[in-house]
$ cat structure_32.cif   # mmCIF, C-alpha atoms and all ligand atoms
data_protein
loop_
_atom_site.label_atom_id
_atom_site.label_comp_id
_atom_site.auth_asym_id
_atom_site.auth_seq_id
_atom_site.Cartn_x
_atom_site.Cartn_y
_atom_site.Cartn_z
CA MET Q 1 48.07 70.91 90.20
CA ALA Q 2 50.01 73.59 88.24
CA PHE Q 3 49.76 74.11 84.48
CA GLN Q 4 51.43 71.10 82.86
CA LEU Q 5 52.11 69.76 79.39
CA ASN Q 6 53.84 66.46 78.67
CA GLU Q 7 55.26 67.58 75.35
CA ILE Q 8 56.24 70.78 73.54
CA VAL Q 9 53.03 71.78 71.82
CA PRO Q 10 52.31 73.81 68.66
CA TRP Q 11 50.59 76.92 69.99
CA GLY Q 12 50.87 80.30 68.32
CA ARG Q 13 50.87 83.85 69.59
CA SER Q 14 50.05 86.97 67.63
CA PHE Q 15 52.29 89.65 66.10
CA ASP Q 16 51.24 92.14 68.78
CA GLU Q 17 52.18 89.66 71.50
CA TYR Q 18 55.64 89.21 69.95
CA VAL Q 19 56.08 93.00 69.83
CA ALA Q 20 55.23 93.21 73.55
CA MET Q 21 57.12 90.08 74.67
CA PHE Q 22 60.34 91.25 73.02
CA SER Q 23 59.80 95.04 73.34
CA LEU Q 24 60.26 95.31 69.58
CA SER Q 25 60.70 98.87 68.31
CA GLU Q 26 59.94 99.96 64.73
CA SER Q 27 63.68 99.87 64.11
CA ASP Q 28 63.88 96.29 65.48
CA LEU Q 29 61.08 95.34 63.08
CA GLY Q 30 63.19 96.58 60.18
CA ARG Q 31 66.03 94.15 61.02
CA ARG Q 32 66.57 90.64 59.60
CA ILE Q 33 64.79 88.58 62.24
CA LEU Q 34 65.14 84.87 63.03
CA GLY Q 35 62.23 83.40 65.00
CA CYS Q 36 63.28 80.16 66.58
CA GLY Q 37 60.49 77.78 67.57
CA ASP Q 38 57.88 80.11 66.04
CA GLY Q 39 55.48 77.23 65.44
CA PRO Q 40 52.03 78.45 64.37
CA ALA Q 41 52.57 82.04 65.59
CA SER Q 42 51.46 84.80 63.20
CA PHE Q 43 54.57 86.96 63.72
CA ASN Q 44 56.22 85.98 60.43
CA ALA Q 45 52.99 86.33 58.40
CA VAL Q 46 52.16 89.79 59.74
CA LEU Q 47 55.72 91.12 59.62
CA THR Q 48 56.03 89.96 56.01
CA ARG Q 49 52.78 91.77 55.11
CA ARG Q 50 54.24 94.90 56.73
CA GLY Q 51 57.31 94.62 54.48
CA GLY Q 52 59.63 93.17 57.15
CA ARG Q 53 62.06 90.26 56.88
CA ALA Q 54 61.55 87.22 59.10
CA VAL Q 55 62.63 83.60 58.87
CA SER Q 56 61.00 81.13 61.25
CA VAL Q 57 62.54 77.80 62.20
CA ASP Q 58 60.56 74.94 63.69
CA PRO Q 59 60.49 71.15 63.20
CA LEU Q 60 56.71 71.57 62.84
CA TYR Q 61 57.24 73.01 59.35
CA ALA Q 62 58.18 69.55 58.01
CA PHE Q 63 54.46 68.67 58.20
CA SER Q 64 51.74 69.43 55.66
CA PRO Q 65 49.26 72.27 56.37
CA ALA Q 66 46.56 69.63 57.04
CA ALA Q 67 48.76 67.77 59.52
CA ILE Q 68 49.69 71.03 61.29
CA ARG Q 69 45.99 71.98 61.48
CA HIS Q 70 45.26 68.58 63.02
CA ARG Q 71 48.02 69.03 65.64
CA ILE Q 72 46.77 72.56 66.46
CA ASP Q 73 43.22 71.28 66.90
CA ARG Q 74 44.45 68.54 69.26
CA THR Q 75 46.57 71.01 71.26
CA PHE Q 76 43.79 73.60 71.47
CA ALA Q 77 41.55 71.59 73.80
CA THR Q 78 44.46 70.52 76.04
CA VAL Q 79 45.88 74.02 76.47
CA LEU Q 80 42.49 75.61 77.14
CA ARG Q 81 41.65 72.91 79.67
CA GLU Q 82 44.99 73.42 81.49
CA THR Q 83 44.46 77.19 81.41
CA ARG Q 84 40.92 76.87 82.79
CA ASN Q 85 42.17 74.61 85.60
CA ASN Q 86 44.98 77.05 86.45
CA LYS Q 87 43.35 80.42 85.80
CA ASP Q 88 45.17 82.02 88.74
CA GLU Q 89 48.51 81.56 86.97
CA PHE Q 90 47.52 84.21 84.42
CA ILE Q 91 46.68 87.93 84.38
CA TRP Q 92 43.29 88.41 82.71
CA GLU Q 93 43.65 92.05 81.60
CA ASN Q 94 44.58 92.23 77.92
CA ILE Q 95 42.92 88.87 77.33
CA ARG Q 96 39.88 88.79 79.62
CA SER Q 97 38.75 85.16 79.64
CA VAL Q 98 39.75 81.65 78.60
CA ASP Q 99 37.23 81.83 75.73
CA GLU Q 100 38.80 85.06 74.49
CA LEU Q 101 42.23 83.43 74.77
CA GLY Q 102 40.98 80.63 72.53
CA ARG Q 103 39.70 83.13 69.95
CA VAL Q 104 42.87 85.26 69.97
CA ARG Q 105 45.20 82.26 69.68
CA MET Q 106 43.11 80.57 66.97
CA ALA Q 107 43.01 83.79 64.93
CA ALA Q 108 46.82 83.99 65.08
CA MET Q 109 47.19 80.31 64.14
CA ASN Q 110 44.72 80.67 61.25
CA ASP Q 111 46.76 83.62 60.00
CA PHE Q 112 49.88 81.44 60.15
CA LEU Q 113 48.15 78.54 58.36
CA ALA Q 114 46.98 80.82 55.53
CA ASP Q 115 50.53 82.12 55.06
CA PHE Q 116 52.37 78.81 55.55
CA PRO Q 117 52.31 77.35 51.98
CA GLN Q 118 53.64 80.48 50.26
CA GLY Q 119 55.96 81.29 53.19
CA LYS Q 120 57.49 77.83 53.08
CA SER Q 121 58.09 78.12 49.30
CA ALA Q 122 59.71 81.51 49.88
CA GLY Q 123 62.05 80.03 52.53
CA ARG Q 124 60.42 81.94 55.41
CA TYR Q 125 59.36 78.75 57.25
CA VAL Q 126 62.30 76.40 57.63
CA PRO Q 127 61.81 72.87 59.02
CA GLU Q 128 64.88 72.65 61.26
CA ALA Q 129 65.44 72.25 64.98
CA MET Q 130 67.77 73.81 67.48
CA PRO Q 131 70.48 73.36 68.55
CA ALA Q 132 71.96 72.87 65.05
CA LEU Q 133 70.73 75.13 62.25
CA SER Q 134 72.00 75.33 58.68
CA PHE Q 135 72.28 79.12 58.24
CA ALA Q 136 75.64 80.85 57.73
CA ASP Q 137 77.19 82.83 60.60
CA ALA Q 138 75.56 86.24 61.22
CA SER Q 139 72.71 85.61 58.76
CA PHE Q 140 70.38 87.68 60.98
CA ASP Q 141 70.40 90.90 63.02
CA LEU Q 142 68.08 89.69 65.77
CA ALA Q 143 67.14 86.19 66.97
CA LEU Q 144 63.94 85.68 68.98
CA CYS Q 145 62.80 82.65 70.89
CA SER Q 146 59.34 82.71 72.45
CA HIS Q 147 57.83 80.07 74.71
CA LEU Q 148 60.31 77.30 74.07
CA LEU Q 149 63.62 77.85 75.91
CA PHE Q 150 63.19 78.20 79.69
CA LEU Q 151 59.42 77.52 79.46
CA TYR Q 152 60.06 73.83 78.79
CA SER Q 153 62.86 73.48 81.34
CA GLU Q 154 61.62 70.05 82.40
CA GLN Q 155 61.80 68.71 78.85
CA LEU Q 156 64.97 70.58 77.73
CA ASP Q 157 68.04 70.37 79.98
CA LEU Q 158 70.67 73.01 80.72
CA ASP Q 159 73.08 71.59 78.16
CA PHE Q 160 70.39 71.94 75.45
CA HIS Q 161 69.74 75.54 76.48
CA ILE Q 162 73.43 76.43 76.29
CA ARG Q 163 73.90 74.72 72.91
CA ALA Q 164 70.74 76.32 71.48
CA ILE Q 165 71.64 79.85 72.62
CA THR Q 166 75.23 79.35 71.41
CA GLU Q 167 73.78 78.56 68.00
CA LEU Q 168 71.52 81.64 68.07
CA CYS Q 169 74.56 83.78 69.00
CA ARG Q 170 76.41 82.35 65.99
CA LEU Q 171 73.55 83.42 63.71
CA SER Q 172 72.80 86.84 65.17
CA PRO Q 173 74.58 89.57 67.19
CA GLU Q 174 71.51 89.90 69.43
CA VAL Q 175 69.38 87.16 70.98
CA ARG Q 176 66.17 87.68 72.96
CA VAL Q 177 64.38 84.90 74.85
CA PHE Q 178 60.97 85.11 76.56
CA PRO Q 179 59.75 84.06 79.13
CA LEU Q 180 62.21 83.25 81.91
CA LEU Q 181 59.67 81.08 83.71
CA GLN Q 182 58.86 77.45 83.12
CA LEU Q 183 55.32 76.05 82.92
CA GLY Q 184 53.44 76.51 86.17
CA THR Q 185 54.89 80.04 86.72
CA VAL Q 186 58.04 78.63 88.33
CA PRO Q 187 61.33 80.46 87.64
CA SER Q 188 63.38 78.34 85.24
CA PRO Q 189 66.39 76.81 87.02
CA HIS Q 190 68.37 77.23 83.79
CA VAL Q 191 68.31 81.04 83.78
CA PRO Q 192 71.12 81.67 86.34
CA PRO Q 193 73.61 79.14 84.85
CA VAL Q 194 72.81 80.31 81.29
CA CYS Q 195 73.51 83.94 82.31
CA GLU Q 196 76.71 82.90 84.05
CA HIS Q 197 77.87 80.82 81.07
CA PHE Q 198 77.43 83.59 78.49
CA ARG Q 199 78.80 86.33 80.78
CA GLY Q 200 81.82 84.09 81.37
CA LEU Q 201 82.39 84.02 77.61
CA GLY Q 202 82.34 87.82 77.49
CA TYR Q 203 78.78 88.45 76.26
CA THR Q 204 76.57 91.13 77.77
CA VAL Q 205 73.58 89.40 79.34
CA ASP Q 206 70.62 91.42 80.62
CA GLN Q 207 67.22 90.58 82.01
CA VAL Q 208 65.02 93.30 80.55
CA GLN Q 209 61.52 94.27 81.70
CA VAL Q 210 58.97 94.06 78.86
CA PRO Q 211 55.38 95.36 78.58
CA TYR Q 212 53.84 91.89 77.95
CA ARG Q 213 51.58 90.57 80.71
CA PHE Q 214 49.91 87.18 80.65
CA GLN Q 215 51.64 84.36 82.55
CA ARG Q 216 51.89 85.72 86.12
CA GLY Q 217 55.45 86.81 86.89
CA ALA Q 218 56.59 86.55 83.25
CA ASP Q 219 57.58 90.14 82.55
CA ARG Q 220 61.24 89.93 81.58
CA MET Q 221 63.17 88.72 78.58
CA LEU Q 222 66.80 87.63 78.41
CA ARG Q 223 68.88 89.73 76.02
CA ILE Q 224 72.32 88.58 74.94
CA THR Q 225 74.50 91.01 72.98
CA GLY Q 226 78.11 92.08 72.60
CA GLN Q 227 79.62 89.06 70.89
CA PRO Q 228 83.14 88.68 72.39
C1 LIG P 301 54.68 76.56 72.61
S1 LIG P 301 55.18 76.69 70.93
C2 LIG P 301 55.59 78.42 70.84
C3 LIG P 301 55.32 78.99 69.46
C4 LIG P 301 55.64 80.48 69.29
N1 LIG P 301 57.03 80.76 69.52
C5 LIG P 301 54.80 81.33 70.20
O1 LIG P 301 55.30 81.82 71.24
O2 LIG P 301 53.63 81.53 69.91
C6 LIG P 301 56.78 75.91 70.96
C7 LIG P 301 57.33 75.57 69.58
O3 LIG P 301 58.67 75.11 69.69
C8 LIG P 301 58.89 74.16 68.66
N2 LIG P 301 60.11 73.37 68.94
C9 LIG P 301 60.24 72.27 69.70
N3 LIG P 301 61.52 71.84 69.72
C10 LIG P 301 62.22 72.70 68.94
C11 LIG P 301 63.59 72.80 68.56
N4 LIG P 301 64.50 71.91 68.99
N5 LIG P 301 63.97 73.81 67.74
C12 LIG P 301 63.06 74.71 67.29
N6 LIG P 301 61.75 74.67 67.62
C13 LIG P 301 61.33 73.68 68.43
C14 LIG P 301 57.62 73.36 68.66
O4 LIG P 301 57.45 72.63 67.45
C15 LIG P 301 56.57 74.44 68.88
O5 LIG P 301 56.04 74.91 67.66
#
$ encode --input "structure_32.cif" --output "structure tokens" --more "lines below"
Ligand SMILES: C[S@@+](CC[C@H](N)C(=O)[O-])C[C@H]1O[C@@H](n2cnc3c(N)ncnc32)[C@H](O)[C@@H]1O
Amino acid sequence: MAFQLNEIVPWGRSFDEYVAMFSLSESDLGRRILGCGDGPASFNAVLTRRGGRAVSVDPLYAFSPAAIRHRIDRTFATVLRETRNNKDEFIWENIRSVDELGRVRMAAMNDFLADFPQGKSAGRYVPEAMPALSFADASFDLALCSHLLFLYSEQLDLDFHIRAITELCRLSPEVRVFPLLQLGTVPSPHVPPVCEHFRGLGYTVDQVQVPYRFQRGADRMLRITGQP
């Protein structure tokens, strides 16, 4: 059976993975960045240390650090088990084994947990959920969404995807979403109608090759620009 999760889990990738997934240049990293569904990823923590400006939004941030740690620990075993049972769905080059995956992910999530209390006080971790966010129009220069939209196509329907991306386009002139596959390395059925919807409104919608390689076949992001 293919890689499966019943719910959207808190699972965090590293700064370097974000850079590769979204082909982020040094100039991109200098922009005001919104990370939507960042969960326990270390992108915000590391970018902040580098002097960058990131705000992360996730309903997870309503919980205490101890409760988030507990949810991460519960998720950890499930995700590693699913990965071990479906090893062929992944490319074991940058990360060479399931054990190494566990170490890399846990290091990123520990980095997030160490930064979370001060980041939340500073307004960098905001406990809100798409598709309705409280920021003013054009509060950001670049909105990123990793491993939420498209990946969870079974849990989140097309209408949710369109409303969520509409909201990201309200907040930022450029939106990037990765990956375009759902769990189990199946192309998300929502990608074609989402592209058609936003092109129909006059946006420029591109599927852009990125250097990130892990989930087999997941090597492109969606980029939406050119607000009509
Ligand atoms: C698999 S994790 C991905 C975390 C991070 N983006 C990464 O790639 O490492 C998915 C995250 O989406 C969050 N999430 C679920 N529903 C959401 C919503 N409606 N709006 C924003 N985030 C949501 C979950 O809480 C979870 O932290």
$ closest_residue --input "structure_32.cif" --among "Q:Asp115, Q:Leu60, Q:Phe22, Q:Ile8" --to "Gln155 in chain Q" --atoms "only C-alpha atoms"
Q:Ile8
$ residues_near_ligand --input "structure_32.cif" --ligand "ligand LIG 301 (chain P)" --cutoff "8 Å" --atoms "all atoms listed in the file" --output "number ranges by chain"
Q: 8-14, 18, 35-42, 57-60, 128-131, 145-148
$ atom_distance --input "structure_32.cif" --atom1 "CA of Glu100 in chain Q" --atom2 "CA of Val55 in chain Q"
28.5 Å
$ atom_distance --input "structure_32.cif" --atom1 "CA of Ser153 in chain Q" --atom2 "CA of Arg199 in chain Q"
20.5 Å
$ atom_distance --input "structure_32.cif" --atom1 "CA of Ala143 in chain Q" --atom2 "CA of Phe76 in chain Q"
26.9 Å
$ residues_around --input "structure_32.cif" --residues "range 222-228 of chain Q" --least-positions-apart "4" --cutoff "7 Å" --atoms "all atoms listed in the file" --output "ChimeraX atom specification"
/Q:173-178,202-208
$ closest_residue --input "structure_32.cif" --among "Q:Ser64, Q:Gln118, Q:Gln215, Q:Ser139" --to "Leu151 in chain Q" --atoms "all atoms listed in the file"
Q:Gln215
$ residues_around --input "structure_32.cif" --residues "Val186 in chain Q" --least-positions-apart "5" --cutoff "9 Å" --atoms "only C-alpha atoms" --output "number ranges by chain"
Q: 180-181, 217
$ write_last_selection --input "structure_32.cif" --atoms "C-alpha atoms" --output "compact mmCIF listing (two decimals), keeping the file's coordinate frame"
# COMPACT_ATOMS: atom_id res chain seq x y z
CA LEU Q 180 62.21 83.25 81.91
CA LEU Q 181 59.67 81.08 83.71
CA GLY Q 217 55.45 86.81 86.89
$ build_atoms --input "structure_32.cif" --residues "range 171-182 of chain Q" --atoms "all heavy atoms" --output "short mmCIF file (atom, residue, chain, number, x, y, z; two decimals), in the frame of the given file"
data_model
loop_
_atom_site.label_atom_id
_atom_site.label_comp_id
_atom_site.auth_asym_id
_atom_site.auth_seq_id
_atom_site.Cartn_x
_atom_site.Cartn_y
_atom_site.Cartn_z
N LEU Q 171 74.35 82.94 64.85
CA LEU Q 171 73.55 83.42 63.71
C LEU Q 171 73.20 84.90 63.80
O LEU Q 171 72.83 85.49 62.79
CB LEU Q 171 72.24 82.60 63.64
CG LEU Q 171 72.44 81.10 63.42
CD1 LEU Q 171 71.10 80.39 63.43
CD2 LEU Q 171 73.17 80.85 62.11
N SER Q 172 73.30 85.47 65.00
CA SER Q 172 72.80 86.84 65.17
C SER Q 172 73.57 87.55 66.30
O SER Q 172 73.87 86.92 67.32
CB SER Q 172 71.31 86.78 65.53
OG SER Q 172 70.88 88.00 66.03
N PRO Q 173 73.86 88.84 66.14
CA PRO Q 173 74.58 89.57 67.19
C PRO Q 173 73.71 89.89 68.41
O PRO Q 173 74.22 90.35 69.43
CB PRO Q 173 75.01 90.87 66.50
CG PRO Q 173 74.02 91.05 65.40
CD PRO Q 173 73.61 89.68 64.95
N GLU Q 174 72.39 89.65 68.28
CA GLU Q 174 71.51 89.90 69.43
C GLU Q 174 70.48 88.78 69.52
O GLU Q 174 69.84 88.43 68.53
CB GLU Q 174 70.80 91.26 69.29
CG GLU Q 174 69.88 91.52 70.46
CD GLU Q 174 69.37 92.95 70.55
OE1 GLU Q 174 69.83 93.82 69.78
OE2 GLU Q 174 68.50 93.19 71.41
N VAL Q 175 70.33 88.26 70.73
CA VAL Q 175 69.38 87.16 70.98
C VAL Q 175 68.44 87.59 72.11
O VAL Q 175 68.90 88.12 73.12
CB VAL Q 175 70.14 85.88 71.40
CG1 VAL Q 175 69.17 84.77 71.77
CG2 VAL Q 175 71.09 85.42 70.28
N ARG Q 176 67.14 87.38 71.90
CA ARG Q 176 66.17 87.68 72.96
C ARG Q 176 65.32 86.43 73.21
O ARG Q 176 64.84 85.81 72.24
CB ARG Q 176 65.25 88.85 72.57
CG ARG Q 176 66.02 90.14 72.30
CD ARG Q 176 65.10 91.31 71.98
NE ARG Q 176 65.85 92.45 71.48
CZ ARG Q 176 65.32 93.60 71.10
NH1 ARG Q 176 64.00 93.78 71.19
NH2 ARG Q 176 66.07 94.58 70.64
N VAL Q 177 65.16 86.09 74.48
CA VAL Q 177 64.38 84.90 74.85
C VAL Q 177 63.31 85.30 75.86
O VAL Q 177 63.61 85.99 76.84
CB VAL Q 177 65.30 83.81 75.48
CG1 VAL Q 177 64.48 82.55 75.81
CG2 VAL Q 177 66.47 83.47 74.58
N PHE Q 178 62.09 84.82 75.64
CA PHE Q 178 60.97 85.11 76.56
C PHE Q 178 60.09 83.87 76.63
O PHE Q 178 59.85 83.25 75.60
CB PHE Q 178 60.13 86.29 76.05
CG PHE Q 178 58.99 86.65 76.97
CD1 PHE Q 178 59.14 87.61 77.96
CD2 PHE Q 178 57.76 85.98 76.87
CE1 PHE Q 178 58.09 87.91 78.82
CE2 PHE Q 178 56.71 86.28 77.75
CZ PHE Q 178 56.88 87.25 78.71
N PRO Q 179 59.58 83.47 77.80
CA PRO Q 179 59.75 84.06 79.13
C PRO Q 179 60.94 83.42 79.84
O PRO Q 179 61.60 82.54 79.28
CB PRO Q 179 58.44 83.66 79.82
CG PRO Q 179 58.12 82.31 79.26
CD PRO Q 179 58.59 82.35 77.82
N LEU Q 180 61.14 83.84 81.11
CA LEU Q 180 62.21 83.25 81.91
C LEU Q 180 61.65 82.29 82.95
O LEU Q 180 62.35 81.83 83.83
CB LEU Q 180 63.03 84.37 82.58
CG LEU Q 180 63.54 85.44 81.63
CD1 LEU Q 180 64.43 86.45 82.35
CD2 LEU Q 180 64.31 84.81 80.46
N LEU Q 181 60.35 82.02 82.81
CA LEU Q 181 59.67 81.08 83.71
C LEU Q 181 59.43 79.77 82.98
O LEU Q 181 59.33 79.75 81.76
CB LEU Q 181 58.30 81.61 84.13
CG LEU Q 181 58.23 82.95 84.85
CD1 LEU Q 181 56.79 83.22 85.27
CD2 LEU Q 181 59.15 82.95 86.06
N GLN Q 182 59.31 78.69 83.73
CA GLN Q 182 58.86 77.45 83.12
C GLN Q 182 57.35 77.32 83.33
O GLN Q 182 56.73 78.16 83.97
CB GLN Q 182 59.64 76.26 83.66
CG GLN Q 182 59.45 75.98 85.13
CD GLN Q 182 60.30 74.79 85.59
OE1 GLN Q 182 61.46 74.65 85.23
NE2 GLN Q 182 59.71 73.95 86.41
#
